[in-house]
$ cat protein18.txt   # compact mmCIF, C-alpha atoms and all ligand atoms
# COMPACT_ATOMS: atom_id res chain seq x y z
CA MET A 1 140.85 92.89 95.00
CA LYS A 2 140.37 94.94 98.15
CA ILE A 3 137.45 97.21 99.00
CA ILE A 4 138.12 99.98 101.51
CA PHE A 5 135.02 101.60 102.97
CA ALA A 6 135.60 105.12 104.24
CA THR A 7 133.97 104.94 107.64
CA GLY A 8 134.85 104.45 111.27
CA ASN A 9 131.33 103.21 112.00
CA GLU A 10 131.29 99.49 112.88
CA ASN A 11 127.55 99.09 112.10
CA LYS A 12 128.10 100.34 108.57
CA MET A 13 131.06 97.96 108.20
CA LYS A 14 128.88 95.03 109.29
CA GLU A 15 126.23 96.00 106.76
CA ILE A 16 128.68 96.42 103.89
CA ARG A 17 130.45 93.14 104.72
CA GLU A 18 127.11 91.30 104.64
CA ILE A 19 126.08 92.82 101.31
CA MET A 20 129.48 92.39 99.64
CA ALA A 21 130.06 88.88 101.07
CA ASP A 22 129.67 87.02 97.75
CA LEU A 23 132.07 89.33 95.86
CA HIS A 24 135.21 87.45 96.95
CA CYS A 25 136.78 90.77 97.88
CA GLU A 26 138.48 91.64 101.12
CA VAL A 27 136.36 94.40 102.70
CA LEU A 28 138.35 96.67 105.03
CA SER A 29 137.51 99.70 107.15
CA MET A 30 139.90 102.66 107.00
CA LYS A 31 141.32 101.58 110.35
CA GLU A 32 141.93 98.03 109.12
CA ALA A 33 143.62 99.45 106.02
CA GLY A 34 145.81 101.63 108.29
CA ILE A 35 144.48 104.85 106.76
CA VAL A 36 143.99 108.00 108.83
CA VAL A 37 142.60 110.91 106.83
CA GLU A 38 140.56 113.84 108.16
CA VAL A 39 138.01 114.98 105.60
CA GLU A 40 135.81 118.04 105.82
CA GLU A 41 132.36 117.13 104.50
CA ASP A 42 131.53 120.58 103.15
CA GLY A 43 129.67 119.57 99.99
CA GLU A 44 126.17 120.84 99.22
CA THR A 45 124.82 117.44 98.18
CA PHE A 46 125.07 113.86 99.47
CA GLU A 47 126.86 112.91 96.25
CA GLU A 48 129.47 115.66 96.67
CA ASN A 49 130.22 114.67 100.25
CA ALA A 50 130.56 110.99 99.37
CA GLN A 51 132.91 111.88 96.51
CA ILE A 52 135.01 114.22 98.68
CA LYS A 53 135.57 111.34 101.13
CA ALA A 54 136.19 108.66 98.51
CA ARG A 55 138.68 110.83 96.58
CA ALA A 56 140.61 111.75 99.73
CA ILE A 57 141.01 108.09 100.74
CA ALA A 58 141.83 107.01 97.18
CA GLU A 59 144.80 109.42 97.25
CA VAL A 60 146.46 107.19 99.84
CA ALA A 61 144.91 103.77 99.10
CA LYS A 62 146.62 102.08 96.21
CA ASP A 63 145.11 99.19 94.22
CA ALA A 64 141.85 99.17 96.09
CA ILE A 65 138.24 100.03 95.34
CA VAL A 66 137.46 102.93 97.68
CA LEU A 67 133.84 103.43 98.71
CA ALA A 68 132.43 106.26 100.81
CA ASP A 69 128.87 107.14 101.73
CA ASP A 70 126.91 110.12 102.91
CA SER A 71 123.35 109.98 104.12
CA GLY A 72 120.65 111.96 105.83
CA LEU A 73 116.99 112.79 106.26
CA GLU A 74 115.10 115.15 103.93
CA ILE A 75 111.83 116.55 105.30
CA ASP A 76 109.77 118.23 102.58
CA PHE A 77 107.91 120.56 104.99
CA LEU A 78 111.31 121.87 106.22
CA ASN A 79 112.59 122.51 102.65
CA LYS A 80 114.48 119.20 102.71
CA GLU A 81 116.27 120.01 105.97
CA PRO A 82 118.19 118.62 107.82
CA GLY A 83 119.50 116.99 104.59
CA VAL A 84 123.30 116.97 104.30
CA ARG A 85 123.40 118.57 107.75
CA SER A 86 121.54 115.66 109.42
CA SER A 87 124.25 114.81 111.95
CA ARG A 88 125.06 118.51 112.60
CA PHE A 89 121.37 119.50 113.01
CA MET A 90 120.99 121.19 116.45
CA GLY A 91 124.64 120.27 117.15
CA VAL A 92 126.48 116.96 116.72
CA ASP A 93 126.42 116.25 120.44
CA THR A 94 122.69 116.86 120.92
CA PRO A 95 120.93 113.56 121.68
CA TYR A 96 118.54 112.30 119.00
CA THR A 97 115.70 112.16 121.54
CA ILE A 98 115.91 115.98 121.60
CA LYS A 99 116.43 116.40 117.83
CA ASN A 100 113.49 114.09 117.11
CA GLN A 101 111.24 115.83 119.64
CA HIS A 102 112.09 119.17 118.04
CA ILE A 103 111.16 117.89 114.56
CA LEU A 104 107.85 116.50 115.86
CA GLU A 105 107.19 119.92 117.37
CA LEU A 106 108.00 121.73 114.09
CA LEU A 107 105.54 119.51 112.22
CA LYS A 108 102.87 119.50 114.94
CA GLU A 109 100.23 121.41 112.99
CA THR A 110 100.74 119.62 109.66
CA GLU A 111 98.36 117.29 107.81
CA GLU A 112 99.53 113.78 106.89
CA GLU A 113 100.27 114.72 103.25
CA GLN A 114 102.61 117.49 104.44
CA ARG A 115 104.76 115.09 106.45
CA SER A 116 106.52 113.39 103.53
CA ALA A 117 110.20 112.66 104.07
CA ARG A 118 112.95 110.37 102.85
CA PHE A 119 116.27 108.95 103.93
CA VAL A 120 118.86 109.47 101.21
CA CYS A 121 122.17 107.67 100.78
CA ALA A 122 124.85 108.43 98.20
CA ILE A 123 127.76 106.03 97.74
CA ALA A 124 130.80 107.10 95.77
CA ALA A 125 133.44 104.76 94.37
CA VAL A 126 136.94 105.49 93.14
CA LEU A 127 138.38 102.45 91.35
CA PRO A 128 142.08 101.57 91.07
CA ASP A 129 142.02 102.79 87.42
CA LYS A 130 140.67 106.14 88.79
CA LYS A 131 137.23 105.64 87.27
CA GLU A 132 134.54 107.14 89.49
CA LYS A 133 130.93 106.21 90.08
CA VAL A 134 128.33 107.71 92.39
CA ILE A 135 124.98 106.12 93.24
CA ARG A 136 121.95 107.46 95.15
CA ALA A 137 119.14 105.51 96.75
CA THR A 138 116.24 106.58 98.94
CA ILE A 139 113.51 105.22 101.14
CA GLU A 140 110.29 107.23 101.11
CA GLY A 141 108.24 107.72 104.24
CA GLN A 142 106.61 110.23 106.55
CA ILE A 143 107.49 111.94 109.79
CA ALA A 144 105.56 110.03 112.44
CA LYS A 145 103.20 111.72 114.92
CA GLU A 146 105.31 110.45 117.81
CA SER A 147 108.66 108.80 118.41
CA ILE A 148 108.31 104.98 118.37
CA GLY A 149 110.77 102.05 118.44
CA GLU A 150 114.10 101.12 119.97
CA GLU A 151 116.02 99.67 117.01
CA GLY A 152 118.26 101.58 114.62
CA PHE A 153 119.70 104.98 115.40
CA GLY A 154 119.37 108.70 114.67
CA TYR A 155 116.04 109.69 113.16
CA ASP A 156 114.69 106.11 112.91
CA PRO A 157 112.07 106.49 115.71
CA ILE A 158 110.29 109.32 113.83
CA PHE A 159 110.57 107.87 110.30
CA TYR A 160 107.33 106.07 109.48
CA VAL A 161 107.20 103.72 106.48
CA PRO A 162 103.54 103.37 105.35
CA GLU A 163 104.31 100.15 103.43
CA PHE A 164 105.37 98.45 106.67
CA GLY A 165 103.00 100.32 108.99
CA CYS A 166 105.80 101.14 111.44
CA THR A 167 108.87 103.32 111.94
CA THR A 168 112.34 102.15 110.89
CA ALA A 169 113.15 101.96 114.62
CA GLU A 170 110.62 99.11 114.87
CA LEU A 171 112.37 97.01 112.19
CA SER A 172 115.19 94.54 112.85
CA MET A 173 118.55 95.39 111.27
CA GLU A 174 117.99 92.65 108.62
CA GLN A 175 114.53 93.97 107.73
CA LYS A 176 115.79 97.56 107.56
CA ASN A 177 118.85 96.69 105.43
CA LYS A 178 116.59 95.17 102.76
CA ILE A 179 114.58 98.35 102.27
CA SER A 180 116.83 101.13 103.51
CA HIS A 181 118.51 103.90 101.50
CA ARG A 182 121.95 102.53 102.46
CA GLY A 183 121.05 98.88 101.81
CA LYS A 184 119.68 99.76 98.36
CA ALA A 185 122.64 102.02 97.48
CA LEU A 186 125.12 99.32 98.53
CA ALA A 187 123.28 96.69 96.48
CA LYS A 188 123.37 98.99 93.41
CA MET A 189 127.08 99.68 93.94
CA LYS A 190 127.77 95.95 94.20
CA LYS A 191 125.95 95.40 90.88
CA PHE A 192 128.05 98.14 89.29
CA ILE A 193 131.31 96.59 90.58
CA ILE A 194 130.32 93.12 89.31
CA GLU A 195 129.36 94.48 85.89
CA TYR A 196 132.42 96.71 85.59
CA TYR A 197 134.92 94.00 86.35
CA GLY A 198 132.85 91.41 84.45
CA MET A 199 132.97 93.65 81.34
CA GLN A 200 136.69 94.17 81.77
CA LYS A 201 137.33 90.43 81.86
CA GLN A 202 135.33 89.87 78.65
CA SER A 203 137.17 92.62 76.73
CA LYS A 204 140.62 91.11 77.38
P1 LIG B 301 126.45 109.82 107.85
O1 LIG B 301 126.13 109.41 106.47
O2 LIG B 301 127.03 108.71 108.66
O3 LIG B 301 127.21 111.10 107.92
O4 LIG B 301 125.03 110.07 108.56
C1 LIG B 301 124.38 111.28 108.51
C2 LIG B 301 123.24 111.37 109.51
O5 LIG B 301 122.03 111.10 108.83
C3 LIG B 301 123.26 110.41 110.68
O6 LIG B 301 124.04 110.91 111.73
C4 LIG B 301 121.78 110.41 111.05
O7 LIG B 301 121.44 111.59 111.72
C5 LIG B 301 121.11 110.48 109.70
N1 LIG B 301 120.84 109.14 109.17
C6 LIG B 301 121.41 108.58 108.06
N2 LIG B 301 120.93 107.33 107.86
C7 LIG B 301 120.06 107.10 108.86
C8 LIG B 301 119.26 105.97 109.20
O8 LIG B 301 119.27 104.91 108.56
N3 LIG B 301 118.49 106.10 110.30
C9 LIG B 301 118.46 107.23 111.04
N4 LIG B 301 119.19 108.30 110.79
C10 LIG B 301 119.99 108.25 109.69
$ encode --input "protein18.txt" --output "structure tokens"
Amino acid sequence: MKIIFATGNENKMKEIREIMADLHCEVLSMKEAGIVVEVEEDGETFEENAQIKARAIAEVAKDAIVLADDSGLEIDFLNKEPGVRSSRFMGVDTPYTIKNQHILELLKETEEEQRSARFVCAIAAVLPDKKEKVIRATIEGQIAKESIGEEGFGYDPIFYVPEFGCTTAELSMEQKNKISHRGKALAKMKKFIIEYYGMQKQSK
């Protein structure tokens, strides 16, 4: 069985390969599978966007489990913005140092309890038998008072996790993968795949 993950991002591929390592599946990026598909992520939810991508790839990928993800940051004080528009927020080419500074500015006058936020990740699967599954996972936190940490990417330096007493940009990739929205969603998807194919074997 092959798993094709709909991303061009090498960090995501590394993460998914690590998590899926004990599945005895070949895990391929779109590039490795020789698939070139342009998809417009115009859904209103993370789930919709992940499904749009997974379905588009599944059209051309035969006999493979196709997985696609969509993720972003929801800030309660900003009515859950930037949400599905996280990478487009202030323009795709705007550096995150500027985006993060802008968010800190927008929340400057807020009390701690008004700074709640979460990273959300939806992963959609289209199986070779055309069955579909979509999974969501989150990590709850707060917008920090200042930008701290060098690890990670995107909004990590301003995402404070009270449980750990630091931002996700202060965690190593291994530490972050264990608790992150994407790490948790991938682990849930792996469980689903194991159970689905396990059940199929028993019913034969
Ligand atoms: P996508 O799912 O690759 O489209 O990512 C959407 C955007 O959400 C990214 O470009 C980041 O702005 C933000 N984002 C998603 N996950 C994370 C994370 O783990 N850390 C920081 N930013 C993230």
$ closest_residue --input "protein18.txt" --among "A:Val161, A:Val120, A:Ala169, A:Ile148" --to "A:Pro82" --atoms "only C-alpha atoms"
A:Val120
$ residues_near_ligand --input "protein18.txt" --ligand "ligand LIG 301 (chain B)" --cutoff "6 Å" --atoms "all atoms listed in the file" --output "number ranges by chain"
A: 69-73, 86-87, 153-156
$ closest_residue --input "protein18.txt" --among "A:Val36, A:Glu146, A:Ile75, A:Arg136" --to "A:Lys108" --atoms "all atoms listed in the file"
A:Glu146
$ atom_distance --input "protein18.txt" --atom1 "atom CA of A:Gly183" --atom2 "atom CA of A:Met90"
26.7 Å
$ atom_distance --input "protein18.txt" --atom1 "atom CA of A:Leu67" --atom2 "atom CA of A:Ala50"
8.3 Å
$ closest_residue --input "protein18.txt" --among "A:Val134, A:Ala64, A:Ile158, A:Ile194" --to "A:Ser116" --atoms "only C-alpha atoms"
A:Ile158
$ closest_residue --input "protein18.txt" --among "A:Ile179, A:Leu186, A:Ile65, A:Leu171" --to "A:Glu151" --atoms "all atoms listed in the file"
A:Leu171
